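Source file: query-v6.txt (compact mmCIF, C-alpha atoms and all ligand atoms)
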```txt
# COMPACT_ATOMS: atom_id res chain seq x y z
CA MET J 958 0.00 0.00 0.00
CA LYS J 959 2.77 2.34 1.10
CA LYS J 960 4.74 1.61 -2.02
CA TYR J 961 1.91 2.75 -4.24
CA PHE J 962 1.49 5.86 -2.18
CA LEU J 963 5.12 6.78 -2.83
CA LEU J 964 4.79 6.06 -6.51
CA LEU J 965 1.66 8.12 -6.64
CA LEU J 966 3.46 11.02 -4.98
CA LEU J 967 6.24 10.65 -7.50
CA ALA J 968 3.70 10.90 -10.25
CA ILE J 969 2.13 14.00 -8.75
CA VAL J 970 5.37 15.85 -8.04
CA GLY J 971 6.70 14.92 -11.46
CA PRO J 972 9.86 13.29 -12.70
CA PRO J 973 12.92 14.49 -10.80
CA TYR J 974 14.71 15.99 -13.76
CA SER J 975 12.82 18.29 -15.99
CA ALA J 976 14.79 19.90 -18.78
CA GLN J 977 16.44 22.61 -16.76
CA PRO J 978 20.17 22.15 -17.23
CA SER J 979 20.90 25.76 -16.41
CA SER J 980 18.78 26.11 -13.31
CA ASN J 981 21.31 24.54 -10.95
CA THR J 982 22.90 27.47 -9.17
CA GLU J 983 24.95 25.46 -6.71
CA SER J 984 27.72 24.43 -9.09
CA PRO J 985 29.89 26.47 -11.45
CA SER J 986 27.89 27.72 -14.40
CA ARG J 987 27.14 25.09 -16.98
CA TYR J 988 27.88 27.57 -19.80
CA GLU J 989 30.34 30.42 -19.80
CA LEU J 990 31.65 32.95 -22.29
CA ILE J 991 35.43 32.81 -22.09
CA GLN J 992 37.29 35.92 -23.18
CA GLY J 993 40.74 35.86 -24.77
CA ASN J 994 42.29 35.64 -28.20
CA PHE J 995 41.81 32.23 -29.75
CA ASN J 996 41.81 30.48 -33.04
CA TRP J 997 39.42 27.53 -32.94
CA PHE J 998 42.09 25.00 -31.99
CA GLU J 999 43.39 27.12 -29.11
CA ALA J 1000 39.84 27.65 -27.86
CA LYS J 1001 39.24 23.89 -27.93
CA VAL J 1002 42.37 23.21 -25.85
CA ASP J 1003 41.55 26.00 -23.42
CA ALA J 1004 38.02 24.63 -22.86
CA GLU J 1005 39.40 21.17 -22.14
CA ARG J 1006 41.96 22.60 -19.74
CA ARG J 1007 39.02 24.09 -17.82
CA GLY J 1008 37.35 20.69 -17.54
CA GLY J 1009 34.77 21.25 -20.26
CA HIS J 1010 34.57 21.50 -24.02
CA LEU J 1011 33.64 23.99 -26.72
CA ALA J 1012 29.87 24.21 -26.39
CA THR J 1013 27.61 21.95 -28.40
CA ILE J 1014 24.08 23.23 -28.96
CA THR J 1015 22.13 20.11 -29.75
CA THR J 1016 18.56 21.20 -29.02
CA GLN J 1017 16.44 24.34 -28.95
CA GLN J 1018 16.10 23.79 -25.19
CA GLU J 1019 19.86 23.87 -24.79
CA TRP J 1020 20.13 27.07 -26.79
CA ASN J 1021 17.38 28.59 -24.61
CA ALA J 1022 19.27 27.52 -21.50
CA ILE J 1023 22.50 29.08 -22.80
CA ARG J 1024 20.74 32.34 -23.61
CA ASN J 1025 19.06 32.38 -20.20
CA GLN J 1026 22.28 31.75 -18.39
CA ILE J 1027 24.60 34.09 -20.26
CA GLY J 1028 22.12 36.68 -21.43
CA PRO J 1029 21.14 37.32 -25.06
CA SER J 1030 22.80 40.76 -25.13
CA GLN J 1031 26.12 39.31 -23.93
CA LEU J 1032 26.02 36.70 -26.68
CA GLU J 1033 24.78 38.95 -29.43
CA GLY J 1034 27.56 41.44 -28.81
CA ARG J 1035 30.24 38.90 -29.64
CA LEU J 1036 31.76 36.58 -32.21
CA THR J 1037 32.08 33.27 -30.39
CA TRP J 1038 33.50 29.82 -31.22
CA LEU J 1039 31.33 26.71 -30.95
CA GLY J 1040 32.34 23.04 -30.82
CA ALA J 1041 31.44 21.90 -34.33
CA THR J 1042 33.41 21.15 -37.48
CA ASP J 1043 33.19 19.61 -40.94
CA SER J 1044 36.96 19.19 -41.22
CA ARG J 1045 36.81 15.39 -41.51
CA ILE J 1046 34.37 15.24 -44.41
CA GLU J 1047 33.49 18.49 -46.17
CA GLY J 1048 29.82 19.28 -45.68
CA GLN J 1049 29.30 16.69 -42.95
CA TRP J 1050 29.04 18.68 -39.75
CA GLU J 1051 29.78 17.08 -36.40
CA TRP J 1052 29.72 18.14 -32.77
CA ILE J 1053 33.13 17.56 -31.22
CA THR J 1054 31.52 15.50 -28.45
CA GLY J 1055 30.03 13.01 -30.92
CA GLU J 1056 26.48 14.05 -30.02
CA PRO J 1057 24.01 13.62 -32.90
CA TRP J 1058 23.99 16.44 -35.42
CA GLY J 1059 20.81 18.09 -36.66
CA GLY J 1060 18.56 18.32 -33.60
CA PHE J 1061 19.01 22.08 -33.68
CA LEU J 1062 20.39 24.20 -36.52
CA ASN J 1063 20.80 27.94 -36.55
CA TRP J 1064 22.69 28.76 -39.75
CA ARG J 1065 22.53 32.29 -41.05
CA GLU J 1066 20.79 32.50 -44.38
CA GLY J 1067 23.30 31.51 -47.07
CA GLU J 1068 25.49 29.59 -44.62
CA PRO J 1069 27.36 27.31 -44.50
CA ASN J 1070 29.06 28.57 -47.64
CA SER J 1071 32.20 26.44 -47.26
CA THR J 1072 34.78 29.10 -48.07
CA ALA J 1073 35.76 32.56 -46.98
CA GLY J 1074 38.08 34.40 -49.33
CA GLY J 1075 39.30 31.13 -50.80
CA VAL J 1076 40.01 29.57 -47.37
CA GLU J 1077 38.21 26.41 -46.20
CA SER J 1078 35.50 27.17 -43.66
CA ASP J 1079 35.30 24.16 -41.39
CA TYR J 1080 34.45 25.63 -37.98
CA ILE J 1081 31.39 27.35 -36.53
CA GLU J 1082 31.18 30.77 -34.97
CA LEU J 1083 28.15 32.46 -33.43
CA LEU J 1084 27.63 35.71 -35.30
CA GLN J 1085 27.21 39.12 -33.67
CA LEU J 1086 23.55 39.30 -34.64
CA PRO J 1087 20.15 38.81 -32.98
CA ASN J 1088 19.80 35.17 -31.90
CA ASN J 1089 23.43 34.54 -32.94
CA PRO J 1090 23.00 32.70 -36.24
CA TRP J 1091 25.86 30.37 -37.19
CA ASN J 1092 28.58 30.94 -39.76
CA ASP J 1093 31.18 28.49 -40.97
CA THR J 1094 34.60 30.07 -41.09
CA SER J 1095 38.31 29.31 -41.05
CA GLY J 1096 39.58 27.74 -37.84
CA GLN J 1097 42.53 30.10 -38.02
CA ASP J 1098 40.36 33.18 -37.47
CA ARG J 1099 41.14 34.86 -34.19
CA LEU J 1100 38.07 35.46 -32.05
CA ASN J 1101 37.88 37.09 -28.64
CA TYR J 1102 35.38 34.63 -27.23
CA TYR J 1103 34.42 31.01 -27.11
CA LEU J 1104 31.48 29.33 -25.42
CA LEU J 1105 32.53 26.87 -22.72
CA GLU J 1106 30.23 24.01 -21.73
CA ARG J 1107 30.86 22.06 -18.57
CA PRO J 1108 29.50 18.58 -17.95
CA SER J 1109 26.08 18.40 -16.37
CA PRO J 1110 26.37 18.61 -12.57
CA VAL J 1111 23.85 15.80 -12.16
CA LYS J 1112 24.95 12.41 -13.38
CA PRO J 1113 22.59 9.72 -12.17
CA THR J 1114 24.20 6.30 -12.39
CA ILE J 1115 20.87 4.84 -13.47
CA PRO J 1116 18.84 6.85 -15.96
CA ILE J 1117 15.74 8.20 -14.29
CA LEU J 1118 14.68 10.56 -17.01
CA ASP J 1119 12.74 7.85 -18.73
CA LEU J 1120 10.34 6.85 -16.00
CA GLU J 1121 7.28 5.36 -17.60
CA PHE J 1122 3.84 6.18 -16.31
CA VAL J 1123 0.48 4.61 -16.94
CA THR J 1124 -2.91 6.27 -16.64
CA ILE J 1125 -5.23 4.92 -13.97
CA GLY J 1126 -8.73 5.51 -15.22
CA ASP J 1127 -12.10 4.53 -13.78
CA PRO J 1128 -12.57 7.65 -11.64
CA GLY J 1129 -15.21 7.24 -8.96
CA ASN J 1130 -14.64 3.50 -8.60
CA PRO J 1131 -16.15 1.98 -5.43
CA ALA J 1132 -13.99 1.37 -2.35
CA ASP J 1133 -13.07 -2.21 -1.47
CA SER J 1134 -14.12 -3.94 1.77
CA THR J 1135 -11.45 -2.02 3.76
CA GLY J 1136 -12.97 1.30 2.76
CA TYR J 1137 -9.87 2.17 0.72
CA GLY J 1138 -9.25 2.07 -2.98
CA LYS J 1139 -11.74 4.65 -4.14
CA VAL J 1140 -10.28 7.46 -6.28
CA ASP J 1141 -12.40 10.24 -7.70
CA TYR J 1142 -10.10 11.27 -10.49
CA GLU J 1143 -7.87 9.89 -13.22
CA TYR J 1144 -4.17 9.86 -12.33
CA LEU J 1145 -0.75 8.62 -13.41
CA ILE J 1146 1.28 5.99 -11.62
CA GLY J 1147 4.81 4.72 -12.27
CA LYS J 1148 4.77 1.62 -14.43
CA TYR J 1149 7.69 0.03 -12.61
CA GLU J 1150 8.93 0.22 -9.04
CA VAL J 1151 11.63 2.82 -8.57
CA ASN J 1152 14.75 1.60 -6.81
CA ASN J 1153 16.64 3.33 -3.99
CA THR J 1154 19.17 4.93 -6.37
CA GLN J 1155 16.37 6.47 -8.36
CA TYR J 1156 14.39 7.45 -5.30
CA ALA J 1157 17.44 9.07 -3.66
CA ALA J 1158 18.06 11.08 -6.85
CA PHE J 1159 14.41 12.11 -6.77
CA LEU J 1160 14.70 13.18 -3.11
CA ASN J 1161 17.89 15.14 -3.82
CA ALA J 1162 16.07 16.97 -6.61
CA LYS J 1163 12.78 17.58 -4.83
CA ALA J 1164 13.16 17.27 -1.08
CA LYS J 1165 15.95 19.56 0.14
CA THR J 1166 13.15 20.91 2.28
CA ASP J 1167 10.90 17.92 2.66
CA ARG J 1168 7.55 19.72 2.67
CA HIS J 1169 5.65 16.71 1.33
CA SER J 1170 7.29 14.16 3.65
CA LEU J 1171 8.62 12.26 0.67
CA TYR J 1172 11.25 10.74 2.95
CA ASP J 1173 9.64 8.53 5.55
CA VAL J 1174 11.38 9.36 8.82
CA ARG J 1175 9.57 6.57 10.66
CA GLU J 1176 11.22 4.02 8.45
CA SER J 1177 14.60 5.68 8.29
CA SER J 1178 16.28 3.00 10.40
CA HIS J 1179 15.37 0.24 8.01
CA ASN J 1180 14.78 1.72 4.59
CA GLY J 1181 17.49 1.96 1.96
CA ILE J 1182 18.14 5.69 2.03
CA LEU J 1183 19.99 7.86 4.53
CA ARG J 1184 19.19 11.53 5.04
CA SER J 1185 21.74 14.03 6.33
CA GLY J 1186 21.83 17.79 6.81
CA SER J 1187 18.93 19.91 7.94
CA SER J 1188 15.74 21.13 6.37
CA GLY J 1189 16.54 23.33 3.40
CA SER J 1190 19.74 21.43 2.70
CA TYR J 1191 18.81 17.79 3.20
CA ALA J 1192 21.00 15.36 1.24
CA TYR J 1193 20.08 11.75 0.52
CA SER J 1194 22.34 8.79 -0.12
CA VAL J 1195 21.74 5.11 -0.68
CA LYS J 1196 22.91 2.60 1.91
CA PRO J 1197 25.52 0.23 0.48
CA GLY J 1198 23.97 -2.86 -1.05
CA MET J 1199 20.53 -1.24 -1.27
CA GLU J 1200 21.03 0.48 -4.63
CA ARG J 1201 18.74 -1.73 -6.66
CA LYS J 1202 16.18 -2.56 -3.98
CA PRO J 1203 12.73 -0.98 -4.23
CA GLY J 1204 12.96 2.74 -3.53
CA GLY J 1205 12.21 4.28 -0.16
CA ILE J 1206 11.14 0.95 1.26
CA ARG J 1207 13.06 -1.38 3.55
CA CA B 1 25.77 20.71 -25.26
CA CA B 2 33.61 23.20 -44.63
CA CA B 3 30.67 30.98 -43.98
```

File written out as structure tokens:
Amino acid sequence: MKKYFLLLLLAIVGPPYSAQPSSNTESPSRYELIQGNFNWFEAKVDAERRGGHLATITTQQEWNAIRNQIGPSQLEGRLTWLGATDSRIEGQWEWITGEPWGGFLNWREGEPNSTAGGVESDYIELLQLPNNPWNDTSGQDRLNYYLLERPSPVKPTIPILDLEFVTIGDPGNPADSTGYGKVDYEYLIGKYEVNNTQYAAFLNAKAKTDRHSLYDVRESSHNGILRSGSSGSYAYSVKPGMERKPGGIR
């Protein structure tokens, strides 16, 4: 019974990770404009030295996140290197991280045009224009900025983005002989049990202040998840050996 209650709560509160890569303010910024004097190759090395890479903009959501974090006016005032090239096969653009190409494209009209003054254009810069359309240019150009992307601060060991839910219909069903079981509305419930690793990630995302009592204190001595810290900064970790056991439950 309890288990279903937890899953139901999970369904109500929503999956732990919505698409908000830039909303985490506790770690160094996910995206940063780095100022200097770089050709593309120097910018790439500098980004790696800082523990990141030249930014890859693979979705509209990511571009929105970058603009939110850095500020459109900051970006639009600058020529900025990105982490993409067609140097291996002319015309076949690739992100330097190997992420799939084509989920988001922002070429300026007429670009990519493959050459600039007779020089191969195999590298992408963000242009100094509204919404920063892309231009292919020579990697030897010297720009004063590149866009640094750091790895996501949250790296769940088990993917929890893809939780599957099923709709529970039949609103207004009668209660069973215990008096429970009646629900007056349609709702979603997790299709599979979540395990402790997933549930701890959920708690870390949603229960720093545990307003909804998502962590069951009464069962803390024998469930699979430990809580430390104080309200507002609670942190949750999985007890060794309990990682794949059903979440939140002993
Ligand atoms: Ca990226
Ligand atoms: Ca090219
Ligand atoms: Ca061009």

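For the pair atom CA of J:Pro1128 and atom CA of J:Tyr1142, the separation is 4.5 Å.
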
| Residue contacts of stretch 1042-1050 of chain J (10 Å, only C-alpha atoms) excluding same-chain residues fewer than 4 positions away, as a PyMOL selection string | chain J and resi 997+1057-1059+1069-1071+1077-1081+1093-1094+1096

| Expected answer as a list of chain:residue names: residues within 6 Å of ligand CA 1 (chain B), all atoms listed in the file |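 Every residue with an atom at most 6 Å from ligand CA 1 (chain B) is listed here: J:Ala1012, J:Thr1013, J:Ile1014, J:Thr1015.
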
Using the file's own x, y and z axes, so that the box edges lie along x, y and z, what centre and edge lengths in Å (one decimal) does a box around every listed atom of stretch 1160-1178 of chain J get when 3 Å is added on each side? Give it as AutoDock Vina command-line options.
```
--center_x 11.8 --center_y 12.0 --center_z 2.0 --size_x 18.2 --size_y 23.9 --size_z 23.3
```

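Of note, atom CA of J:Tyr1103 and atom CA of J:Glu1051 are spaced 17.4 Å apart.
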
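Across J:Ala1073, J:Leu1062, J:Leu990, J:Leu1086, the tightest approach to ligand CA 3 (chain B) is made by J:Ala1073 when counting only C-alpha atoms and all ligand atoms.
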
| task | Tell me, as a ChimeraX atom specification, which residues lie within 6 Å of J:Leu1011, counting only C-alpha atoms; anything in the same chain fewer than 5 positions away does not count. | result | /J:1001,1004,1039-1040,1104-1105

| request: Give the answer as one residue: which of J:Pro985, J:Gly1055, J:Pro1029, J:Gly1074 has the shortest atom-to-atom distance to ligand CA 3 (chain B), using all atoms listed in the file? | output: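 Among the listed residues, the smallest separation from ligand CA 3 (chain B) belongs to J:Gly1074.
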
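The list of residues with at least one atom within 10 Å of J:Asn1101, based on only C-alpha atoms and without residues fewer than 4 positions apart in the same chain, reads Leu990, Ile991, Gln992, Gly993, Asn994, Phe995, Asn996, Ala1000, Arg1035, Leu1036, Thr1037 and Trp1038 of chain J.
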
| said: If I take atom CA of J:Tyr1144 and atom CA of J:Leu1120, how far is one from the other in Å, to one decimal? | reply: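 Atom CA of J:Tyr1144 sits 15.3 Å away from atom CA of J:Leu1120.
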